[in-house]
Each structure stands twice: as structure tokens, then as C-alpha cells.
Amino acid sequence: MRHVLNAQDLPADARVLLDRPAIDAVLTQMAAEIQAMAWPRDVELPLADRPKPWLCGIQRGGVALAKELAEVIARDYGWTPELGAIDVTLYRDDTWLKGPRAVEGVTRLPGDVSGQRVLLVDDVLFTGRTIRAALNVLMDFGRPEAVRLVVMADRGGRELPVAADLTGRKLDVARHESAELCVDGQNRLLSVIVRPKNP
Amino acid sequence: MLPQVEPGQTPGTDTLPQAPQEPLRHLLGLEHLSAEQINSILDLAAHMKAVNSRRIKKLPTLRGVTVLTFFVENSTRTRMSFELAAKRLSADTMSFTASSSSLAKGETLIDTARNLEAMGPDIVIIRHSCSGAPALLARTVNCGIVNAGDGSHEHPTQGLLDIFTLRERLGDLRGKKVAIIGDIAHSRVARSNIFGMQKLGVDVHVAGPATMLPHAIEDLGCTAWPRVEPAMEGADAIMMLRIQRERQGNDLIPSSHEYHRFFGLDEQRLKLAKPGALVMHPGPMNRGVEIAPEVADGEQSVILQQVENGVAVRMAVLYLVGASRGLEPQG
């Protein structure tokens, strides 16, 4: 996730893949799909008794996305999902390759995860390694009823058998490029850009 | 900075994408760490502390890493704190204590260390009565070395946990006054705290009997007093050090009763400090000598929080040293 002061303030080599109007359209569509999403125990439960899923964003882009998704769900469907945040830094599998990293943010769930329906939210899905780590974080807190993966953008390039249950947009990004979510000072989503990977 | 970001919010522009954490190959002391390095260790410790309040207090971070506690000088709680920290990070731990070991049979420290190295530990946590023993090991063996107290030199994780506790309670430490009282000359805790706190802008005052104040202590940047009152006056925190009878015998002070009267922290003296000033002690305490029981157990005491924070701080240190090992060329 990259902080920029305004949408024009982007690195010179960046190409915008999704601008704010496109993000608005994607959020509206994703909210509709979350609303219609089927869960394993739905057959046993009458509509009114079905628990509402939590939106758990992966630090840091996923957290910003989860917050805006929750706002769209509240606007369009009249309920406000509970928000959680997950940091995967201490669960990464490349600590031995890349050395220590600073933790990006807090891990905080809205309550006891056992029995909950959880939507794991991330901005850009790439290798799948972050998702593997995030699942392990969740399991260290308990046993959710079910976990679904929601991503705004899928750029391909998976290295683990991970697939999103809900994808906002598929993006065409080459391996030597990086796709980044840009947010403003208040962490409002601005755009998704692609640029050459830092050497 | 404590992680006080609510879920659904991410840190604002003040926490722009962080630079990769600087590697920490060894932790030998706080003297050579920068303020940024100290703060980044403490930030990480705040996250570790959050893990310690979970029901499942375990991270997979150091899976497959072997941590050896090599304590040539006795200490139960520091070793336990380190072992717990290592276990919470999923490392394997083994311990080596001097009394039951070959050191008692005349082997040199370097030979013992080389033998232990052959068992392949990634991190060696060493406590030794000789100042500089950890630095010697760091030059000799190919392991990450963490100093758990060497002679009267440094005890960096104690310093870090003290500073962590201060930062947790007082916030920004710049301009805060901390009094360290007791046997400054022989205290590695004092030295680590003097180095570490001053880097974060703390105004450090030390006090104790003249026999326990090294004459050049002010060269380290702190202010030294032969009486406790000026050091305690207006302090934000008072740290009492243990009178180490097993180390000094009775040569430096006439009696523990007299020490208590002139240098001990009781309720009357505590009133010299700022209202609500923190009372700290690295433990184990001598009640009635350096600290009165009602102060040690009083509302202003954070002595047990120091112990709790010790585990989180040591987790942060072990993670950094362990993960930095990955950057070493593999032989």
C-alpha cells in the first residue's frame, strides 16, 4: 500500500489500472456479491438466523479496503459488518530470505473467532503466500465456521494453491512489475497502479 | 509508539511504508544502538505483548531455530524469561548452566563455546560474570549472540524492558527525568539504562553512596549525586537497584539498615518525585533495604509489569537476531 497526497501525485513510472470511479464500481459489485454469498451452513439455518460475516483486512491495504467495503454494504444493504485487522509479518515464510521486517500494523479481531464467518480481505492477490500466512493467524485465534477470500484485484502469478472466492477485477500485470493500492492521508482508496518492481 | 490503531483504520501518513527493519546480528549492549534501532525493537515488542495476551500465545516465527541459554552465572528469572520468549516464537531451546558443566572442570570459555557451537544453535544467550564475554563469543562462534548480562558492563534486554515500560506509561520520553539509585559502579542494569534512556532523550540522574558511584560516571552523560534527594526531586520515574551483597560483601556500605535510611526508597522520599512517578526495580528486591515494602507494593510500582514486559521485549530481540541470521551467507 502506498500513501499519496492526491491521485495526481504518483510515481512517474506508474500506470493507473483502476482509478477512483473504477474502484467505486468494483466496490459496489463486490458488496453485492458478498450479500449474495453462500456459506456452508446456510442450508441448516433460516435466513434471519444466518450469522453476518466479519470483514478482516490484511494489513495494510486490505484493512483500508475492508473499511470501504463495509461502508458500501451499509449503504446498499443496511447492515454494517464488523471489522478486523490481520498482520502477517510474523507469519511470513520468507523471513529467512529477507531478514527481519517491521510489523505493518496490529492484529485485532472483533471478538472470539470460533464459529464465525470470516471474509479475509486483501487488496491485490499475487503469490498466495500472504493468504496462507493470514489463514494461520486466524487459526491461532480459534476455529472459524468458514473463511472466504475477497480481493479487489487478482494479478495472477500464484505460487500456492490459493484462489479467491470473490475477485473485484482481474489485472494483467507482468512478473517484473508490482501492482500497488494507493490511498490518501485518511487511508481512502485512490487507485491501483502498476509500475516496475523496485530493483 | 504503541499500536493503537483501530481495526478498519490503517496508520496515517505519519507511518509511511516502513523501511525494512535493520538487521540485528547480535545484541551485546545498548551503547552502540541508535535511537531508531531501540525504538524499532520496542515497537516490535508492543506487537509481541499483544500476542502474549492471546489465548494461544504462540507465533511460528522462529520455527526450526535453536536457542541456547548459556548461563555461566546464576539467574533463574532472566533465563526463564528468555526461554519463554523463545518458546512463544516456536524456537527450540536448550540450556547450559555453569555448575553442572565442563567449565567447572577447567575448560576455557572459548572451548566450551566451540563445543556448543558444534551442536548448531542459531542464537546463544549468554550471561557471564566477566564484562565482555558476549563480545568475545560474538567474535569466536558463528551464532547470533544475545547478552543476558555480562559482569558490570551491560544487561541490554533489562534496559530495553525498562525503557519499554517507561514508554508505555509516559509516552514520548524526551525531557523526562529518571533517577537510578543504588550501586551504580557494579550495575550492568544501570549502564544499559543510562545508554539506552539517554538515546531517547531521557534526563538520567544517578545517585548512591560515594563508594558505589564511579568517579567518571558523568562522562556517560548523566548527572551523578552522592545523595538521593536531588536525583529524586521532580523525577518521572525512580529505579531502585538491588544491593548485591553476594558480589560486594559488606565493604561498600556499613550496614543495610543505614543504607535504607539514607538511600532507600520509602513513601516519604517518593513524595519528592512527580505525583504518580513510576517506581521500578529490576528484581530481585531486598525489601527494607533499597525499597520499603509499601512502596514496592504501592500503586506507583510497575515492578511486575517490568517482568511481564521482559518476555515481550526478549521475543522482539530473538526475532530480530534470529531473522537476521537468514541474511548471513550459508556455509
# chains A, B, ... in the order shown; residues from 1 in each chain; ligands from 1
$ interface_residues --of "chain A" --to "chain B" --cutoff "8 Å" --atoms "only C-alpha atoms" --output "count of residues only"
36
$ residues_around --residues "region 214-223 of chain B" --least-positions-apart "2" --cutoff "12 Å" --atoms "only C-alpha atoms" --output "PyMOL selection string"
chain B and resi 31+152+177-187+190-199+201-212+225-228+230-232
$ select_by_dssp --residues "region 3-188 of chain A" --states "strand (DSSP E)" --output "PDB file with C-alpha atoms, in the first residue's frame"
ATOM      1  CA  HIS A   3       0.304   6.747   0.583  1.00  0.00           C
ATOM      2  CA  ARG A  15       0.363   3.343 -14.856  1.00  0.00           C
ATOM      3  CA  VAL A  16      -3.113   3.588 -13.336  1.00  0.00           C
ATOM      4  CA  LEU A  17      -5.097   0.361 -13.710  1.00  0.00           C
ATOM      5  CA  LEU A  18      -8.080   1.344 -11.558  1.00  0.00           C
ATOM      6  CA  TRP A  54     -16.745 -10.300   9.647  1.00  0.00           C
ATOM      7  CA  LEU A  55     -14.567  -8.353   7.233  1.00  0.00           C
ATOM      8  CA  CYS A  56     -10.961  -8.994   8.249  1.00  0.00           C
ATOM      9  CA  GLY A  57      -8.486  -6.930   6.247  1.00  0.00           C
ATOM     10  CA  ILE A  58      -4.869  -7.919   5.837  1.00  0.00           C
ATOM     11  CA  LEU A  83     -14.168  -5.143  11.058  1.00  0.00           C
ATOM     12  CA  GLY A  84     -10.975  -6.952  11.949  1.00  0.00           C
ATOM     13  CA  ALA A  85      -7.336  -6.460  11.029  1.00  0.00           C
ATOM     14  CA  ILE A  86      -4.683  -9.109  10.483  1.00  0.00           C
ATOM     15  CA  ARG A 117     -17.929 -16.487   9.260  1.00  0.00           C
ATOM     16  CA  VAL A 118     -14.892 -14.551   8.146  1.00  0.00           C
ATOM     17  CA  LEU A 119     -14.226 -12.696   4.923  1.00  0.00           C
ATOM     18  CA  LEU A 120     -10.489 -12.320   4.532  1.00  0.00           C
ATOM     19  CA  VAL A 121      -9.980  -9.099   2.591  1.00  0.00           C
ATOM     20  CA  ASP A 122      -6.861  -8.157   0.625  1.00  0.00           C
ATOM     21  CA  ASP A 123      -6.141  -5.533  -1.998  1.00  0.00           C
ATOM     22  CA  VAL A 124      -4.029  -7.401  -4.554  1.00  0.00           C
ATOM     23  CA  LEU A 125      -3.780 -11.192  -4.755  1.00  0.00           C
ATOM     24  CA  ALA A 146     -15.777 -20.759   7.384  1.00  0.00           C
ATOM     25  CA  VAL A 147     -13.323 -18.365   5.783  1.00  0.00           C
ATOM     26  CA  ARG A 148     -13.756 -16.815   2.344  1.00  0.00           C
ATOM     27  CA  LEU A 149     -11.195 -14.811   0.430  1.00  0.00           C
ATOM     28  CA  VAL A 150     -12.208 -11.466  -1.053  1.00  0.00           C
ATOM     29  CA  VAL A 151      -9.739  -9.467  -3.162  1.00  0.00           C
ATOM     30  CA  MET A 152     -10.111  -6.276  -5.109  1.00  0.00           C
ATOM     31  CA  ALA A 153      -7.608  -7.281  -7.770  1.00  0.00           C
ATOM     32  CA  ASP A 154      -6.124 -10.588  -8.892  1.00  0.00           C
ATOM     33  CA  LEU A 166     -14.630 -13.164  -4.835  1.00  0.00           C
ATOM     34  CA  THR A 167     -12.449 -11.113  -7.167  1.00  0.00           C
ATOM     35  CA  GLY A 168     -13.186  -7.469  -7.980  1.00  0.00           C
ATOM     36  CA  ARG A 169     -11.065  -7.263 -11.117  1.00  0.00           C
ATOM     37  CA  LYS A 170      -8.554  -9.442 -12.874  1.00  0.00           C
ATOM     38  CA  GLU A 177       6.040  -5.254 -12.287  1.00  0.00           C
ATOM     39  CA  SER A 178       4.349  -4.553  -8.981  1.00  0.00           C
ATOM     40  CA  ALA A 179       0.692  -3.693  -8.521  1.00  0.00           C
ATOM     41  CA  GLU A 180       0.002  -1.366  -5.605  1.00  0.00           C
ATOM     42  CA  LEU A 181      -3.022   0.113  -3.938  1.00  0.00           C
ATOM     43  CA  CYS A 182      -2.732   3.871  -3.411  1.00  0.00           C
ATOM     44  CA  VAL A 183      -4.511   5.584  -0.530  1.00  0.00           C
TER      45      VAL A 183
END
$ residues_around --residues "Ala38 (chain A)" --least-positions-apart "3" --cutoff "12 Å" --atoms "only C-alpha atoms" --output "NGL selection string"
:A and (33-35 or 41-43 or 45 or 47 or 50-53 or 117 or 146-148 or 165-166)
$ atom_distance --atom1 "CA of Phe71 (chain B)" --atom2 "CA of Leu30 (chain B)"
20.0 Å
$ atom_distance --atom1 "CA of Arg188 (chain B)" --atom2 "CA of Leu160 (chain B)"
12.5 Å
$ select_by_dssp --residues "region 101-301 of chain B" --states "helix (DSSP H, G or I)" --output "PyMOL selection string"
chain B and resi 102-105+109-117+133-140+156-170+188-199+210-212+217-220+228-232+245-248+256-263+267-270+293-296
$ write_last_selection --atoms "C-alpha atoms" --output "compact mmCIF listing (two decimals), in the first residue's frame"
# COMPACT_ATOMS: atom_id res chain seq x y z
CA SER B 102 32.60 -28.63 31.94
CA LEU B 103 33.51 -25.04 32.83
CA ALA B 104 33.69 -26.25 36.41
CA LYS B 105 36.22 -28.84 35.20
CA LEU B 109 35.04 -20.28 27.77
CA ILE B 110 36.05 -20.36 24.11
CA ASP B 111 36.47 -24.14 24.09
CA THR B 112 33.11 -24.63 25.74
CA ALA B 113 31.51 -22.24 23.30
CA ARG B 114 33.06 -24.01 20.30
CA ASN B 115 31.75 -27.32 21.57
CA LEU B 116 28.30 -25.90 21.99
CA GLU B 117 28.53 -24.31 18.56
CA ALA B 133 32.36 -12.30 27.45
CA PRO B 134 29.45 -11.91 24.96
CA ALA B 135 31.61 -9.78 22.66
CA LEU B 136 34.32 -12.45 22.82
CA LEU B 137 31.79 -15.12 21.82
CA ALA B 138 30.44 -12.95 19.01
CA ARG B 139 33.95 -12.89 17.54
CA THR B 140 34.56 -16.58 18.13
CA PRO B 156 20.69 -4.80 27.35
CA THR B 157 17.37 -6.68 27.47
CA GLN B 158 16.79 -5.40 31.01
CA GLY B 159 17.49 -1.88 29.78
CA LEU B 160 15.11 -2.37 26.86
CA LEU B 161 12.32 -3.72 29.04
CA ASP B 162 12.75 -0.83 31.47
CA ILE B 163 12.60 1.68 28.63
CA PHE B 164 9.61 -0.18 27.14
CA THR B 165 7.80 0.08 30.48
CA LEU B 166 8.63 3.78 30.72
CA ARG B 167 7.49 4.45 27.16
CA GLU B 168 4.27 2.51 27.73
CA ARG B 169 3.43 4.68 30.76
CA LEU B 170 4.96 8.04 29.90
CA ARG B 188 25.07 -3.51 34.37
CA VAL B 189 21.38 -2.62 34.59
CA ALA B 190 22.30 0.98 35.34
CA ARG B 191 24.77 1.12 32.47
CA SER B 192 22.35 -0.26 29.88
CA ASN B 193 19.67 2.12 31.10
CA ILE B 194 21.99 5.12 31.07
CA PHE B 195 22.99 4.38 27.47
CA GLY B 196 19.52 3.47 26.25
CA MET B 197 17.44 6.11 28.01
CA GLN B 198 19.72 8.97 27.01
CA LYS B 199 19.43 7.97 23.36
CA ALA B 210 30.11 7.59 47.17
CA THR B 211 31.67 4.10 47.35
CA MET B 212 29.17 2.96 44.71
CA ILE B 217 30.10 8.17 35.54
CA GLU B 218 29.13 11.65 34.35
CA ASP B 219 31.25 11.03 31.26
CA LEU B 220 28.36 8.86 30.11
CA VAL B 228 19.31 10.64 46.63
CA GLU B 229 17.14 13.72 47.22
CA PRO B 230 18.33 15.86 44.29
CA ALA B 231 18.11 12.87 41.95
CA MET B 232 14.57 12.01 43.01
CA ARG B 245 25.61 -8.50 48.76
CA GLU B 246 26.85 -11.65 47.06
CA ARG B 247 29.01 -9.54 44.79
CA GLN B 248 30.42 -6.86 47.06
CA SER B 256 21.83 -2.42 55.25
CA HIS B 257 19.87 -0.54 57.88
CA GLU B 258 21.95 2.55 57.35
CA TYR B 259 21.65 2.12 53.59
CA HIS B 260 17.89 2.06 53.85
CA ARG B 261 17.90 5.19 55.95
CA PHE B 262 19.99 7.25 53.59
CA PHE B 263 19.40 5.72 50.17
CA GLU B 267 6.89 6.78 50.99
CA GLN B 268 8.43 9.99 52.31
CA ARG B 269 11.15 10.11 49.67
CA LEU B 270 8.75 9.10 46.91
CA PRO B 293 7.61 -2.83 51.15
CA GLU B 294 4.75 -0.31 51.00
CA VAL B 295 6.42 1.40 48.03
CA ALA B 296 7.27 -1.86 46.28
$ atom_distance --atom1 "CA of Ile38 (chain B)" --atom2 "CA of Val313 (chain B)"
10.8 Å
